[in-house]
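Asks: My structure is stored as protein26.cif, with mmCIF, C-alpha atoms and all ligand atoms.
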data_run
#
loop_
_atom_site.label_atom_id
_atom_site.label_comp_id
_atom_site.auth_asym_id
_atom_site.auth_seq_id
_atom_site.Cartn_x
_atom_site.Cartn_y
_atom_site.Cartn_z
CA MET A 2 -1.41 14.19 49.64
CA ASN A 3 -2.87 11.30 51.63
CA SER A 4 -5.70 10.51 49.26
CA PRO A 5 -5.58 6.92 47.97
CA ARG A 6 -7.08 7.90 44.62
CA PRO A 7 -4.81 8.93 41.73
CA ALA A 8 -3.58 12.51 41.68
CA ARG A 9 -5.68 14.62 39.30
CA ILE A 10 -3.67 17.03 37.22
CA LEU A 11 -5.14 19.76 35.11
CA LEU A 12 -2.51 20.38 32.46
CA GLY A 13 -2.76 23.74 30.72
CA VAL A 14 -0.92 23.96 27.41
CA THR A 15 -0.25 27.40 25.94
CA GLY A 16 1.08 28.47 22.56
CA GLY A 17 4.84 27.97 22.62
CA ILE A 18 7.07 25.66 20.60
CA ALA A 19 7.72 23.59 23.74
CA ALA A 20 4.08 22.43 23.43
CA TYR A 21 5.47 19.63 21.26
CA LYS A 22 6.85 18.06 24.46
CA THR A 23 3.46 17.88 26.21
CA PRO A 24 2.42 14.41 24.94
CA ASP A 25 5.57 13.10 26.64
CA LEU A 26 4.68 15.08 29.78
CA VAL A 27 1.18 13.57 29.83
CA ARG A 28 2.69 10.10 29.39
CA ARG A 29 5.16 10.65 32.26
CA LEU A 30 2.40 11.88 34.58
CA ARG A 31 0.16 8.92 33.71
CA GLU A 32 3.07 6.47 34.13
CA ARG A 33 3.32 7.75 37.70
CA GLY A 34 -0.37 7.04 38.27
CA ALA A 35 -1.87 10.50 37.72
CA GLU A 36 -5.07 11.32 35.82
CA VAL A 37 -4.52 14.17 33.39
CA GLN A 38 -7.09 16.55 31.95
CA VAL A 39 -5.60 18.73 29.22
CA VAL A 40 -6.81 22.27 28.61
CA MET A 41 -5.34 24.05 25.58
CA THR A 42 -5.32 27.72 24.67
CA ARG A 43 -6.07 28.69 21.09
CA GLY A 44 -2.37 29.42 20.51
CA ALA A 45 -1.39 25.93 21.67
CA THR A 46 -3.46 24.31 18.91
CA ASN A 47 -1.08 25.92 16.39
CA PHE A 48 1.73 23.76 17.75
CA ILE A 49 0.02 20.48 18.61
CA THR A 50 -3.38 18.98 17.88
CA PRO A 51 -6.01 18.34 20.55
CA LEU A 52 -6.37 14.85 19.06
CA THR A 53 -2.79 13.95 20.00
CA LEU A 54 -3.27 15.08 23.58
CA GLN A 55 -6.66 13.37 23.77
CA ALA A 56 -5.04 10.12 22.65
CA VAL A 57 -2.27 10.22 25.26
CA SER A 58 -4.40 11.54 28.12
CA GLY A 59 -7.40 9.31 27.45
CA ARG A 60 -9.74 12.27 27.93
CA PRO A 61 -11.25 14.78 25.51
CA VAL A 62 -9.20 17.95 25.51
CA ARG A 63 -10.96 21.13 26.65
CA SER A 64 -10.19 24.44 25.02
CA GLY A 65 -13.22 26.72 24.66
CA LEU A 66 -15.07 28.55 27.37
CA TRP A 67 -18.24 28.44 25.29
CA ASP A 68 -18.36 24.73 24.39
CA GLU A 69 -21.93 23.77 25.36
CA SER A 70 -21.52 19.97 25.26
CA ALA A 71 -18.25 20.00 27.23
CA GLU A 72 -19.69 22.44 29.76
CA GLY A 73 -22.76 20.20 30.05
CA ALA A 74 -20.60 17.18 30.93
CA MET A 75 -18.38 19.07 33.42
CA SER A 76 -18.64 22.83 33.84
CA HIS A 77 -15.46 24.86 34.09
CA ILE A 78 -16.15 25.42 37.79
CA GLU A 79 -16.46 21.65 38.35
CA LEU A 80 -13.27 21.16 36.36
CA ALA A 81 -11.48 23.66 38.61
CA ARG A 82 -12.70 21.71 41.65
CA TRP A 83 -11.81 18.31 40.13
CA ALA A 84 -8.06 18.98 40.04
CA ASP A 85 -5.48 18.45 42.82
CA ALA A 86 -3.08 20.79 41.02
CA VAL A 87 -2.94 22.91 37.88
CA LEU A 88 0.26 22.73 35.85
CA VAL A 89 0.68 25.11 32.92
CA ALA A 90 3.42 23.81 30.62
CA PRO A 91 4.64 25.46 28.55
CA ALA A 92 3.64 28.81 30.03
CA THR A 93 4.30 31.58 27.50
CA ALA A 94 5.19 35.18 28.37
CA ASP A 95 1.70 36.20 27.24
CA PHE A 96 0.03 33.61 29.45
CA LEU A 97 2.08 34.69 32.50
CA ALA A 98 1.07 38.30 31.82
CA ARG A 99 -2.61 37.40 31.54
CA LEU A 100 -2.46 35.23 34.67
CA SER A 101 -0.76 37.98 36.66
CA CYS A 102 -3.50 40.43 35.62
CA GLY A 103 -6.22 38.02 36.74
CA ASN A 104 -7.76 37.82 33.25
CA ALA A 105 -10.52 35.30 32.66
CA ASP A 106 -10.89 35.62 28.90
CA ASP A 107 -10.38 31.97 27.97
CA LEU A 108 -10.94 28.60 29.61
CA LEU A 109 -7.43 28.22 31.06
CA THR A 110 -7.19 31.65 32.71
CA THR A 111 -10.75 31.24 34.00
CA LEU A 112 -9.84 27.87 35.56
CA CYS A 113 -6.74 29.39 37.15
CA LEU A 114 -8.91 32.04 38.80
CA ALA A 115 -11.60 29.60 39.83
CA THR A 116 -9.37 26.93 41.31
CA GLU A 117 -8.27 26.77 44.93
CA VAL A 118 -5.58 24.12 44.38
CA PRO A 119 -1.85 24.88 43.82
CA ILE A 120 -0.95 26.38 40.44
CA LEU A 121 2.45 25.59 38.94
CA VAL A 122 3.82 27.11 35.76
CA ALA A 123 6.71 25.94 33.58
CA PRO A 124 7.76 29.00 31.58
CA ALA A 125 9.17 28.59 28.08
CA MET A 126 10.19 31.51 25.93
CA ASN A 127 13.06 33.31 24.22
CA ARG A 128 15.76 34.36 26.72
CA ALA A 129 15.24 38.09 26.10
CA MET A 130 11.50 37.74 26.71
CA TRP A 131 12.23 35.87 29.97
CA ALA A 132 14.72 38.56 31.05
CA HIS A 133 12.37 41.46 30.13
CA ALA A 134 11.37 43.66 33.05
CA ALA A 135 7.68 43.08 32.30
CA THR A 136 8.06 39.28 32.52
CA ARG A 137 10.22 39.57 35.64
CA ALA A 138 7.54 41.71 37.31
CA ASN A 139 4.74 39.32 36.27
CA VAL A 140 6.66 36.30 37.59
CA ALA A 141 7.44 38.07 40.89
CA LEU A 142 3.77 38.97 41.31
CA LEU A 143 2.65 35.41 40.57
CA GLU A 144 5.21 34.01 43.02
CA SER A 145 4.06 36.43 45.70
CA ARG A 146 0.55 34.99 45.22
CA GLY A 147 1.81 31.45 45.72
CA VAL A 148 2.14 30.30 42.10
CA ALA A 149 5.13 27.92 41.85
CA VAL A 150 7.46 28.63 38.96
CA LEU A 151 9.27 25.52 37.71
CA GLY A 152 12.33 26.49 35.70
CA PRO A 153 13.02 27.59 33.08
CA ALA A 154 16.31 25.88 32.30
CA ALA A 155 19.19 27.43 30.42
CA GLY A 156 20.48 26.08 27.13
CA GLU A 157 19.95 26.10 23.40
CA GLN A 158 16.61 27.55 22.35
CA ALA A 159 14.32 26.79 19.43
CA CYS A 160 14.95 30.33 18.14
CA GLY A 161 18.65 29.53 17.78
CA GLU A 162 19.76 31.59 20.78
CA THR A 163 21.28 30.24 23.96
CA GLY A 164 20.17 31.29 27.43
CA GLU A 165 17.55 30.94 30.11
CA GLY A 166 14.06 30.17 28.85
CA ARG A 167 13.85 26.46 27.94
CA MET A 168 10.98 24.53 29.44
CA LEU A 169 12.13 21.92 31.94
CA GLU A 170 12.12 18.39 30.52
CA PRO A 171 8.86 16.41 30.88
CA ALA A 172 10.36 13.77 33.22
CA GLU A 173 11.62 16.47 35.57
CA LEU A 174 8.32 18.39 35.51
CA ALA A 175 6.38 15.21 36.30
CA GLU A 176 8.64 14.37 39.23
CA LEU A 177 8.63 17.93 40.59
CA LEU A 178 4.86 18.19 40.40
CA LEU A 179 3.95 14.78 41.81
CA GLY A 180 6.75 14.97 44.39
CA ARG A 181 5.38 18.29 45.54
CA LEU A 182 1.87 16.92 45.90
CA ARG A 183 3.16 13.93 47.86
CA ARG A 184 5.47 15.88 50.10
CA GLU A 185 3.30 18.90 50.47
CA ARG A 186 3.45 20.08 54.05
CA SER A 187 6.10 17.51 55.13
CA LEU A 188 7.79 20.38 57.04
CA ALA A 189 4.57 22.16 58.02
CA GLY A 190 4.94 24.19 61.19
CA LEU A 191 8.74 23.87 61.25
CA LYS A 192 11.33 26.61 61.11
CA VAL A 193 14.32 25.97 58.84
CA VAL A 194 17.45 28.12 58.75
CA ILE A 195 19.60 27.78 55.63
CA SER A 196 22.94 29.34 54.76
CA ALA A 197 23.84 29.82 51.09
CA GLY A 198 26.34 31.33 48.70
CA PRO A 199 29.97 32.24 49.29
CA THR A 200 31.43 34.54 51.92
CA ARG A 201 33.86 37.37 51.18
CA GLU A 202 36.78 38.06 53.47
CA ARG A 203 38.16 41.54 52.90
CA ILE A 204 41.86 42.09 52.23
CA ASP A 205 41.58 45.82 51.57
CA PRO A 206 38.76 48.14 50.40
CA VAL A 207 38.81 46.66 46.87
CA ARG A 208 39.90 43.04 47.29
CA PHE A 209 38.62 39.96 49.03
CA ILE A 210 39.11 36.19 49.33
CA SER A 211 36.10 34.09 48.44
CA ASN A 212 34.93 30.61 47.50
CA ARG A 213 33.34 29.51 44.27
CA SER A 214 29.61 29.34 44.83
CA SER A 215 26.64 30.64 42.84
CA GLY A 216 24.23 29.99 45.73
CA LYS A 217 21.88 28.13 43.35
CA MET A 218 21.80 24.92 45.39
CA GLY A 219 21.09 26.75 48.67
CA TYR A 220 18.37 28.91 47.10
CA ALA A 221 16.77 25.78 45.60
CA VAL A 222 16.86 24.09 49.03
CA ALA A 223 15.24 27.18 50.58
CA ALA A 224 12.46 27.16 47.96
CA ALA A 225 11.90 23.40 48.44
CA ALA A 226 11.69 23.80 52.24
CA ARG A 227 9.21 26.63 51.78
CA ASP A 228 7.14 24.47 49.42
CA ALA A 229 7.14 21.72 52.06
CA GLY A 230 5.41 24.14 54.43
CA ALA A 231 8.38 25.38 56.50
CA ARG A 232 9.03 28.92 57.66
CA VAL A 233 12.42 29.54 56.05
CA VAL A 234 15.18 31.98 56.98
CA LEU A 235 17.88 32.14 54.31
CA VAL A 236 21.19 33.70 55.32
CA SER A 237 23.02 34.41 52.10
CA GLY A 238 26.45 35.59 51.07
CA PRO A 239 26.75 37.77 47.94
CA VAL A 240 25.04 36.06 44.97
CA ALA A 241 23.29 37.19 41.80
CA LEU A 242 19.98 35.47 42.55
CA PRO A 243 16.59 36.91 43.45
CA ALA A 244 15.37 36.07 46.97
CA PRO A 245 12.85 33.20 46.77
CA ALA A 246 9.32 34.49 47.39
CA GLY A 247 7.97 33.74 50.85
CA VAL A 248 11.44 33.23 52.34
CA GLU A 249 13.01 35.62 54.85
CA CYS A 250 16.35 36.52 53.29
CA ILE A 251 19.24 38.05 55.24
CA GLY A 252 22.23 39.23 53.22
CA VAL A 253 25.72 39.01 54.70
CA GLU A 254 29.26 39.30 53.42
CA SER A 255 31.87 37.69 55.67
CA ALA A 256 31.99 34.39 57.57
CA GLU A 257 31.78 36.31 60.85
CA GLN A 258 28.66 38.13 59.67
CA MET A 259 27.16 34.85 58.49
CA TYR A 260 27.95 33.26 61.86
CA ALA A 261 26.21 36.12 63.69
CA ALA A 262 23.16 36.18 61.37
CA VAL A 263 22.70 32.39 61.47
CA HIS A 264 22.93 32.28 65.27
CA ALA A 265 20.51 35.22 65.55
CA ALA A 266 18.02 33.33 63.34
CA LEU A 267 18.46 30.02 65.18
CA PRO A 268 16.16 30.37 68.22
CA GLY A 269 13.12 28.17 67.56
CA ALA A 270 14.70 26.55 64.48
CA ASP A 271 13.97 22.85 63.94
CA ILE A 272 16.45 22.31 61.10
CA TYR A 273 19.69 23.99 60.04
CA ILE A 274 21.03 23.32 56.54
CA GLY A 275 24.50 24.69 55.84
CA THR A 276 24.85 24.91 52.07
CA ALA A 277 27.09 28.01 52.17
CA ALA A 278 30.66 27.82 50.92
CA VAL A 279 32.04 29.59 53.97
CA ALA A 280 35.65 30.78 53.91
CA ASP A 281 37.77 28.71 56.26
CA TYR A 282 40.33 31.51 56.64
CA ARG A 283 40.20 35.30 56.64
CA PRO A 284 42.99 37.90 56.51
CA ALA A 285 44.29 38.57 60.03
CA ALA A 286 44.11 42.31 59.34
CA VAL A 287 42.17 44.31 56.75
CA ALA A 288 44.19 47.12 55.15
CA THR A 289 42.35 50.42 55.42
CA GLN A 290 43.74 51.66 52.08
CA LYS A 291 44.22 49.82 48.78
CA ILE A 292 47.43 47.77 48.92
CA LYS A 293 49.87 49.04 46.27
CA LYS A 294 52.00 46.66 44.21
CA THR A 295 55.37 47.88 45.46
CA ALA A 296 56.91 44.63 46.70
CA GLU A 297 57.80 41.68 44.43
CA ASN A 298 56.10 39.23 46.78
CA LEU A 299 53.11 39.81 48.98
CA ARG A 300 52.29 37.77 52.04
CA ILE A 301 48.87 37.86 53.66
CA ASP A 302 48.45 36.31 57.10
CA LEU A 303 45.27 34.32 57.39
CA VAL A 304 43.48 33.24 60.53
CA ARG A 305 40.65 30.71 60.92
CA ALA A 306 37.13 31.93 60.26
CA PRO A 307 34.43 30.69 62.62
CA ASP A 308 33.02 27.21 61.85
CA ILE A 309 29.29 27.94 61.67
CA LEU A 310 28.15 24.36 61.12
CA GLY A 311 30.36 22.95 63.86
CA SER A 312 29.17 25.58 66.34
CA ILE A 313 25.50 24.71 65.71
CA ALA A 314 26.07 20.96 65.93
CA ALA A 315 27.81 21.54 69.29
CA LEU A 316 24.86 23.46 70.80
CA ARG A 317 23.56 21.94 74.01
CA ASP A 318 20.28 23.85 74.17
CA GLY A 319 17.92 24.32 71.26
CA ARG A 320 20.07 22.28 68.90
CA PRO A 321 18.23 21.83 65.58
CA PHE A 322 18.55 18.85 63.22
CA VAL A 323 21.87 19.76 61.60
CA VAL A 324 22.59 19.12 57.92
CA GLY A 325 25.99 19.96 56.42
CA PHE A 326 27.24 19.95 52.87
CA ALA A 327 30.59 18.54 51.82
CA ALA A 328 31.99 19.77 48.53
CA GLU A 329 34.84 17.43 47.66
CA THR A 330 37.17 17.05 44.72
CA GLU A 331 38.25 13.50 45.68
CA LYS A 332 37.33 10.58 47.99
CA LEU A 333 33.78 11.95 48.16
CA GLU A 334 32.18 9.44 50.50
CA GLU A 335 35.22 9.02 52.77
CA HIS A 336 35.68 12.77 53.31
CA ALA A 337 31.98 13.36 53.75
CA ARG A 338 31.70 10.59 56.36
CA GLN A 339 34.65 12.11 58.25
CA LYS A 340 32.81 15.47 58.35
CA LEU A 341 29.56 13.80 59.45
CA LEU A 342 31.29 12.15 62.39
CA GLY A 343 33.90 14.83 63.12
CA LYS A 344 31.38 17.66 63.35
CA ARG A 345 28.70 15.40 64.93
CA LEU A 346 26.13 16.28 62.29
CA ASP A 347 22.79 14.58 61.81
CA MET A 348 23.24 14.40 58.06
CA ILE A 349 25.76 15.33 55.39
CA VAL A 350 25.15 15.99 51.72
CA ALA A 351 28.18 15.18 49.61
CA ASN A 352 28.73 16.60 46.19
CA GLN A 353 31.62 16.10 43.86
CA VAL A 354 33.03 19.44 42.73
CA GLY A 355 35.75 20.50 40.38
CA ASP A 356 36.07 21.90 36.90
CA GLY A 357 32.81 21.49 35.03
CA LEU A 358 31.08 19.89 38.02
CA ALA A 359 28.53 21.56 40.32
CA PHE A 360 29.93 25.12 40.27
CA ASP A 361 28.04 27.61 38.11
CA CYS A 362 26.07 24.68 36.65
CA GLU A 363 22.33 24.10 36.58
CA ASP A 364 22.84 20.43 37.49
CA ASN A 365 24.39 18.66 40.41
CA SER A 366 24.59 15.16 41.89
CA LEU A 367 24.23 14.44 45.58
CA LEU A 368 25.02 11.59 47.95
CA VAL A 369 23.46 11.84 51.41
CA LEU A 370 24.87 10.14 54.51
CA TRP A 371 23.53 9.99 58.04
CA ASN A 372 24.06 7.83 61.06
CA GLY A 373 23.03 4.39 59.82
CA GLY A 374 21.87 5.53 56.41
CA ARG A 375 22.98 6.39 52.92
CA GLU A 376 21.01 7.54 49.89
CA ASP A 377 22.22 8.48 46.45
CA LEU A 378 19.90 11.24 45.22
CA GLY A 379 21.36 10.84 41.74
CA ALA A 380 22.01 13.60 39.25
CA GLY A 381 19.60 16.29 38.13
CA SER A 382 18.77 19.95 38.25
CA LYS A 383 19.37 21.75 41.54
CA PRO A 384 15.62 22.34 42.17
CA LEU A 385 14.87 18.67 41.57
CA LEU A 386 17.64 17.51 43.91
CA ALA A 387 16.57 20.09 46.49
CA GLU A 388 13.03 18.62 46.49
CA ARG A 389 14.41 15.12 46.95
CA LEU A 390 16.75 16.31 49.71
CA ILE A 391 13.97 18.08 51.63
CA GLY A 392 11.82 14.93 51.41
CA LEU A 393 14.71 12.88 52.77
CA ILE A 394 15.49 15.35 55.58
CA ALA A 395 11.80 15.31 56.62
CA SER A 396 11.70 11.52 56.76
CA VAL A 397 15.11 10.96 58.43
CA ARG A 398 14.41 13.67 61.02
CA GLY A 399 11.01 12.09 61.67
CA ALA A 400 12.62 8.65 62.15
CA VAL A 401 15.32 10.06 64.48
CA ARG A 402 12.69 11.75 66.61
CA ARG A 403 10.62 8.57 66.82
CA ALA A 404 13.67 6.45 67.79
CA PRO A 405 14.14 5.59 71.47
CA GLY A 406 16.62 7.98 73.13
CA ALA A 407 16.07 10.66 70.47
CA ALA A 408 16.54 13.38 73.06
CA ALA A 409 20.17 12.30 73.44
CA SER A 410 20.88 13.41 69.86
CA GLY A 411 20.18 16.91 71.06
CA GLU A 412 16.86 17.30 69.30
CA ALA A 413 15.10 20.38 70.59
N1 LIG A 501 31.10 25.43 57.01
C1 LIG A 501 30.77 26.34 58.02
N2 LIG A 501 31.67 27.22 58.44
C2 LIG A 501 32.94 27.24 57.94
C3 LIG A 501 33.29 26.31 56.92
C4 LIG A 501 32.35 25.42 56.49
O1 LIG A 501 29.62 26.33 58.47
N3 LIG A 501 33.80 28.14 58.38
C5 LIG A 501 30.09 24.44 56.58
C6 LIG A 501 29.62 24.57 55.16
O2 LIG A 501 28.46 25.40 55.07
C7 LIG A 501 29.29 23.12 54.82
C8 LIG A 501 30.28 22.32 55.64
O3 LIG A 501 30.73 23.19 56.65
O4 LIG A 501 28.00 22.76 55.26
C9 LIG A 501 31.44 21.76 54.90
O5 LIG A 501 32.29 22.71 54.44
P1 LIG A 501 33.72 22.34 53.86
O6 LIG A 501 34.45 23.59 53.59
O7 LIG A 501 33.54 21.37 52.75
O8 LIG A 501 34.33 21.54 55.07
P2 LIG A 501 35.37 21.93 56.11
O9 LIG A 501 34.85 21.44 57.42
O10 LIG A 501 35.67 23.37 56.05
O11 LIG A 501 36.58 21.02 55.71
P3 LIG A 501 37.68 21.16 54.55
O12 LIG A 501 37.63 22.59 54.07
O13 LIG A 501 38.91 20.81 55.24
O14 LIG A 501 37.30 20.19 53.50
#
In structure tokens, how does this file's structure come out?
Replies:
Amino acid sequence: MNSPRPARILLGVTGGIAAYKTPDLVRRLRERGAEVQVVMTRGATNFITPLTLQAVSGRPVRSGLWDESAEGAMSHIELARWADAVLVAPATADFLARLSCGNADDLLTTLCLATEVPILVAPAMNRAMWAHAATRANVALLESRGVAVLGPAAGEQACGETGEGRMLEPAELAELLLGRLRRERSLAGLKVVISAGPTRERIDPVRFISNRSSGKMGYAVAAAARDAGARVVLVSGPVALPAPAGVECIGVESAEQMYAAVHAALPGADIYIGTAAVADYRPAAVATQKIKKTAENLRIDLVRAPDILGSIAALRDGRPFVVGFAAETEKLEEHARQKLLGKRLDMIVANQVGDGLAFDCEDNSLLVLWNGGREDLGAGSKPLLAERLIGLIASVRGAVRRAPGAAASGEA
């Protein structure tokens, strides 16, 4: 957003226990310079009073569709036009269902139908409700219509259970929302190819060699690139994640298949981001039948798998801006810098891995290096770091292209 005036956020609060965090959310948004107009559903008022949210937002809270004096001051249609973005936090299962049906039976759902600005929802509910097929279908439908779904996070829940369904923390929501407004369209018109997840190298029909990778970081990067306006092709190894809406997803298994799919997607690409944990070696031969445990020792000959990242960085024609990832257990910066230079990348994203770090976790921490630059993106959830990374890639790529002699770096 280029507008010099403060960002205007319409914050919808629905009736979930996480509503108690919304005064903090309002405070975080205002700290970052935004104006916040709160709209509460009737259910929300059971968890927090309008007076509290009025005090922290500095504006009378709206809740009814039939409030004559409030409508007189600013009608609900004007309110829908006033906002730069609508954030619904917490968004209950019931609210998501009503939004997906296009209901307009209270002020908040009416505003969501009437507005033409981005709508973001931060779901919060019991893990079984979040996992229910009805909620999954409602969320998929909303995503297909362009509603951004922030979270939920996994962890301990107010109901005493543990699982996915916690609302993201207020500080993270504020950064995600305002960051998105600022960076909106920073990759508009660009094509981004991203690899994600592990690869599997077959040993026999029932066994394979693989790397530890949930694919969460790569999928978050794909969603962030999409949100920044890019056309995204995601080439993914086997993971248990739904394809991000609005992203072209190509499923592969082995490093060779990933190599072929990435290169097939590459023509016209402006940026390649290799987040995949690609196998470096594959069995020299794949047994056609299941290997039986007859011998005391078993030896499997391995041969090098193709280096996808290196092959793209070495392209002479149509070379995109090439971003690699370096997962390291020690000497993080040193090893990452070696990969940046050795593979002649434009940028490398280093993350410390090991037991309890990065793998299968919701959080990560990233250090980014490029020729003449270094930025610590800090620690945080994978979606939050992905947003920051995409913003950085857009600005570093822009600076490289503006620099004299940019063509020599191989920029297409
Ligand atoms: N990568 C790739 N193809 C491979 C291996 C890795 O494209 N066959 C990419 C990964 O997607 C990642 C980067 O290379 O972006 C770094 O991967 P990593 O395994 O950490 O580095 P390697 O170069 O394989 O070095 P090493 O395993 O010795 O640390």
Asks: Set the cut-off to 9 Å, count only C-alpha atoms and all ligand atoms, and list whatever residues fall near ligand LIG 501 (chain A) as a PyMOL selection string.
Replies: chain A and resi 196-198+256-257+259-260+274-282+305-313+324-329+336-337+340+343-344+349-351
Asks: Would you pick out the contacts of Glu32 (chain A) at 12 Å or less, using only C-alpha atoms, so that residues sharing its chain but fewer than 2 positions from it are not included, and give the list as a list in words?
Replies: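 Those residues are Pro7, Ala8, Asp25, Leu26, Val27, Arg28, Arg29, Leu30, Gly34, Ala35, Glu36, Val37, Val57, Ser58, Pro171, Ala172, Ala175, Glu176 and Leu179 of chain A.
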Asks: Write out as a list of chain:residue names the residues lying within 7 Å of Val194 (chain A), counting only C-alpha atoms and excluding same-chain residues fewer than 3 positions away.
Replies: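 Residues near the query, excluding close chain neighbours: A:Val233, A:Val234, A:Leu235, A:Ala266, A:Leu267, A:Ala270, A:Ile272, A:Tyr273, A:Ile274.
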Asks: Which one is closest to Ala125 (chain A): A:Met168, A:Val150, A:Cys160, A:Leu367? Count only C-alpha atoms.
Replies: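 Closest residue, counting only C-alpha atoms: A:Met168.
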Asks: Looking at all atoms listed in the file, which of A:Pro206, A:Pro24, A:Gly319, A:Gly65 is the one that sits closest to Arg43 (chain A)?
Replies: A:Gly65
Asks: CA of Ala221 (chain A) and CA of Ser237 (chain A), how far apart in Å?
Replies: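 Calculated distance between CA of Ser237 (chain A) and CA of Ala221 (chain A) is 12.5 Å.
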Asks: Reconstruct region 268-283 of chain A at the level of N, CA, C and O atoms, and format the result as a short mmCIF file (atom, residue, chain, number, x, y, z; two decimals), in the coordinates of the input.
Replies:
data_model
loop_
_atom_site.label_atom_id
_atom_site.label_comp_id
_atom_site.auth_asym_id
_atom_site.auth_seq_id
_atom_site.Cartn_x
_atom_site.Cartn_y
_atom_site.Cartn_z
N PRO A 268 17.14 30.71 67.19
CA PRO A 268 16.16 30.37 68.22
C PRO A 268 14.83 29.89 67.61
O PRO A 268 14.28 30.55 66.72
N GLY A 269 14.38 28.73 68.06
CA GLY A 269 13.12 28.17 67.56
C GLY A 269 13.28 27.36 66.28
O GLY A 269 12.30 26.81 65.77
N ALA A 270 14.52 27.28 65.75
CA ALA A 270 14.70 26.55 64.48
C ALA A 270 14.67 25.04 64.74
O ALA A 270 15.21 24.56 65.74
N ASP A 271 14.03 24.31 63.83
CA ASP A 271 13.97 22.85 63.94
C ASP A 271 15.06 22.20 63.09
O ASP A 271 15.49 21.09 63.38
N ILE A 272 15.46 22.89 62.03
CA ILE A 272 16.45 22.31 61.10
C ILE A 272 17.42 23.41 60.67
O ILE A 272 16.99 24.54 60.38
N TYR A 273 18.72 23.08 60.64
CA TYR A 273 19.69 23.99 60.04
C TYR A 273 20.34 23.26 58.87
O TYR A 273 20.79 22.12 59.01
N ILE A 274 20.38 23.92 57.71
CA ILE A 274 21.03 23.32 56.54
C ILE A 274 22.13 24.27 56.07
O ILE A 274 21.85 25.39 55.63
N GLY A 275 23.36 23.84 56.21
CA GLY A 275 24.50 24.69 55.84
C GLY A 275 24.96 24.39 54.43
O GLY A 275 25.77 23.51 54.20
N THR A 276 24.41 25.13 53.46
CA THR A 276 24.85 24.91 52.07
C THR A 276 25.93 25.92 51.69
O THR A 276 26.53 25.82 50.63
N ALA A 277 26.16 26.92 52.54
CA ALA A 277 27.09 28.01 52.17
C ALA A 277 28.52 27.49 52.02
O ALA A 277 28.95 26.58 52.73
N ALA A 278 29.23 28.09 51.08
CA ALA A 278 30.66 27.82 50.92
C ALA A 278 31.39 28.88 51.75
O ALA A 278 31.79 29.93 51.25
N VAL A 279 31.48 28.61 53.04
CA VAL A 279 32.04 29.59 53.97
C VAL A 279 33.57 29.56 53.88
O VAL A 279 34.17 28.49 53.79
N ALA A 280 34.18 30.74 53.92
CA ALA A 280 35.65 30.78 53.91
C ALA A 280 36.16 30.14 55.19
O ALA A 280 35.61 30.36 56.27
N ASP A 281 37.20 29.33 55.07
CA ASP A 281 37.77 28.71 56.26
C ASP A 281 38.78 29.65 56.91
O ASP A 281 39.06 29.53 58.10
N TYR A 282 39.33 30.58 56.13
CA TYR A 282 40.33 31.51 56.64
C TYR A 282 39.98 32.93 56.21
O TYR A 282 39.40 33.12 55.14
N ARG A 283 40.38 33.90 57.02
CA ARG A 283 40.20 35.30 56.64
C ARG A 283 41.51 36.04 56.94
O ARG A 283 42.28 35.59 57.81
#
